[in-house]
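work_35.csv (CSV, C-alpha atoms) appears below.
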chain,number,residue,atom,x,y,z
A,225,MET,CA,133.5,234.2,-14.7
A,226,SER,CA,131.3,231.4,-15.6
A,227,GLY,CA,127.5,231.5,-15.1
A,228,ASP,CA,126.9,227.8,-14.6
A,229,GLY,CA,127.3,226.1,-11.2
A,230,ALA,CA,130.1,223.7,-12.2
A,231,GLY,CA,132.1,226.5,-13.8
A,232,VAL,CA,131.8,228.7,-10.7
A,233,GLU,CA,132.9,225.8,-8.5
A,234,ALA,CA,135.8,225.0,-10.8
A,235,GLU,CA,137.0,228.7,-10.8
A,236,PHE,CA,136.5,228.9,-7.0
A,237,GLY,CA,138.7,225.7,-6.7
A,238,GLU,CA,141.4,227.4,-8.7
A,239,VAL,CA,141.6,230.7,-6.9
A,240,VAL,CA,141.1,229.3,-3.3
A,241,ASN,CA,144.5,227.7,-2.7
A,242,MET,CA,144.3,227.4,1.1
A,243,THR,CA,142.9,224.4,2.8
A,244,PRO,CA,140.1,224.8,5.4
A,245,LYS,CA,142.7,224.2,8.2
A,246,GLU,CA,145.1,226.7,6.8
A,247,LEU,CA,142.4,229.3,6.4
A,248,GLU,CA,141.1,228.6,10.0
A,249,ARG,CA,144.6,229.1,11.4
A,250,TRP,CA,145.1,232.3,9.3
A,251,LEU,CA,141.7,233.8,10.4
A,252,ASP,CA,142.7,233.3,14.0
A,253,SER,CA,145.8,235.5,13.6
A,254,ASP,CA,146.3,239.1,14.5
A,255,GLU,CA,147.5,239.8,10.9
A,256,SER,CA,144.2,238.5,9.5
A,257,ARG,CA,142.2,240.7,11.8
A,258,SER,CA,144.3,243.7,11.0
A,259,VAL,CA,143.2,244.2,7.4
A,260,GLY,CA,140.0,244.8,5.5
A,261,GLN,CA,137.1,247.1,5.5
A,262,LYS,CA,135.2,247.0,8.8
A,263,ASP,CA,131.7,248.4,9.1
A,264,GLY,CA,131.2,249.8,12.6
A,265,GLY,CA,134.5,248.5,13.9
A,266,GLY,CA,133.5,244.8,13.8
A,267,GLU,CA,134.7,242.0,11.6
A,268,SER,CA,136.0,242.9,8.2
A,269,THR,CA,134.2,241.9,5.0
A,270,GLY,CA,137.1,239.6,4.0
A,271,HIS,CA,137.4,238.0,7.4
A,272,ALA,CA,133.7,237.1,7.3
A,273,SER,CA,134.1,235.8,3.8
A,274,GLY,CA,137.0,233.6,4.9
A,275,ARG,CA,134.7,232.0,7.5
A,276,ARG,CA,132.1,231.3,4.7
A,277,ILE,CA,134.8,230.0,2.4
A,278,ILE,CA,135.8,227.4,5.0
A,279,GLU,CA,132.1,226.2,5.0
A,280,LEU,CA,132.0,226.1,1.2
A,281,LEU,CA,135.3,224.1,1.0
A,282,ARG,CA,133.9,221.5,3.4
A,283,ALA,CA,130.5,221.3,1.6
A,284,ARG,CA,129.6,218.7,-0.9
A,285,SER,CA,128.8,220.1,-4.4
A,286,SER,CA,125.3,218.6,-4.2
A,287,ASP,CA,124.6,220.6,-1.0
A,288,LEU,CA,125.6,224.0,-2.5
A,289,THR,CA,122.8,226.5,-2.9
A,290,ASP,CA,122.5,229.3,-5.5
A,291,ASP,CA,123.5,231.7,-2.7
A,292,ASP,CA,126.7,229.6,-2.0
A,293,ARG,CA,127.6,229.7,-5.7
A,294,ALA,CA,127.0,233.5,-5.7
A,295,HIS,CA,129.5,233.8,-2.9
A,296,MET,CA,131.9,231.6,-4.7
A,297,ASN,CA,131.6,233.9,-7.7
A,298,LYS,CA,132.2,236.9,-5.5
A,299,VAL,CA,135.4,235.3,-4.2
A,300,VAL,CA,136.6,234.6,-7.7
A,301,GLY,CA,136.0,238.2,-8.7
A,302,TYR,CA,137.7,239.6,-5.6
A,303,VAL,CA,140.8,237.5,-6.0
A,304,HIS,CA,141.2,238.3,-9.7
A,305,ARG,CA,140.8,242.0,-9.1
A,306,HIS,CA,143.1,242.0,-6.1
A,307,LEU,CA,145.8,240.0,-7.9
A,308,ALA,CA,145.8,242.7,-10.7
A,309,GLN,CA,146.9,245.2,-8.0
A,310,ARG,CA,150.0,243.3,-6.9
A,311,PRO,CA,152.5,245.7,-5.3
A,312,SER,CA,156.1,245.7,-6.3
A,313,GLY,CA,158.8,244.2,-4.0
A,314,ASP,CA,158.5,241.6,-1.3
A,315,ILE,CA,154.8,240.8,-0.6
A,316,GLU,CA,155.3,238.4,2.3
A,317,HIS,CA,154.3,240.8,5.1
A,318,THR,CA,151.9,243.1,3.2
A,319,LYS,CA,148.3,244.1,3.8
A,320,TRP,CA,147.8,243.2,0.2
A,321,ARG,CA,148.7,239.5,0.8
A,322,TYR,CA,146.9,239.4,4.2
A,323,SER,CA,143.7,240.6,2.5
A,324,LEU,CA,144.0,238.0,-0.2
A,325,MET,CA,144.5,235.3,2.4
A,326,ASN,CA,141.3,236.3,4.2
A,327,TRP,CA,139.6,235.4,0.9
A,328,GLY,CA,141.4,232.0,0.8
A,329,HIS,CA,144.2,232.8,-1.7
A,330,ASP,CA,147.8,232.9,-0.6
A,331,PRO,CA,149.8,234.4,-3.5
A,332,LEU,CA,153.0,232.9,-2.1
A,333,LYS,CA,151.7,229.3,-2.7

Will you turn the file into structure tokens for me?
Amino acid sequence: MSGDGAGVEAEFGEVVNMTPKELERWLDSDESRSVGQKDGGGESTGHASGRRIIELLRARSSDLTDDDRAHMNKVVGYVHRHLAQRPSGDIEHTKWRYSLMNWGHDPLK
């Protein structure tokens, strides 16, 4: 992962392959809410990240903060780690895919 802002933004743009609209629709689904680590029974970490990713996708580069870029870096790291754990067989209806989609990456695209 790159340490400079432009590099982080470029990597984020490569791993996040869902549009804001696609991600919004996905996050509204039961499948999206069914996966991920939930602290205290609330929203999962990935689901919350998905909402933040929508904001980041809609933001202008000049408006991004260091905190925004840190979250972009977190997304890049998560997607790369999760892709390395790809299960065998058909992944279309797996928790593995659903979790990645919460983070803005659909491995079937």

Please identify all polymer residues within 7 Å of Pro244 of chain A, counting only C-alpha atoms, omitting same-chain residues fewer than 2 positions from it, and present them as a PDB file with C-alpha atoms, keeping the file's coordinate frame.
ATOM      1  CA  MET A 242     144.300 227.400   1.100  1.00  0.00           C
ATOM      2  CA  GLU A 246     145.100 226.700   6.800  1.00  0.00           C
ATOM      3  CA  LEU A 247     142.400 229.300   6.400  1.00  0.00           C
ATOM      4  CA  GLU A 248     141.100 228.600  10.000  1.00  0.00           C
ATOM      5  CA  ILE A 278     135.800 227.400   5.000  1.00  0.00           C
ATOM      6  CA  LEU A 281     135.300 224.100   1.000  1.00  0.00           C
TER       7      LEU A 281
END

Find the residues around Thr243 of chain A up to 12 Å (only C-alpha atoms counted), leave out those fewer than 3 positions away in its own chain, and share them as a ChimeraX atom specification. /A:237-240,246-250,274,277-282,325,327-330,333

Could you check which of A:Ser268, A:Arg276, A:Asn241, A:Arg321 is closest to Lys298 of chain A, using all atoms listed in the file? A:Arg276

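Between atom CA of Phe236 of chain A and atom CA of Val300 of chain A the separation is 5.7 Å.
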
Nearby residues (only C-alpha atoms) at most 10 Å from Ser285 of chain A, same-chain spacing under 4 positions excluded, as a list in words: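 These residues fall inside the cut-off: Gly229, Ala230, Glu233, Leu280, Leu281, Thr289 and Arg293 of chain A.
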
When you draw a straight line from atom CA of Ser258 of chain A to atom CA of Lys319 of chain A, how long is it in Å?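 Computing it gives 8.2 Å between the two atoms.
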
Would you compute the distance between atom CA of Val303 of chain A and atom CA of Glu316 of chain A? Give it in Å to one decimal. 16.7 Å

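Distances here use all atoms listed in the file; by that measure, the residue among A:His306, A:Lys262, A:Arg275, A:Arg257 closest to Trp320 of chain A is A:His306.
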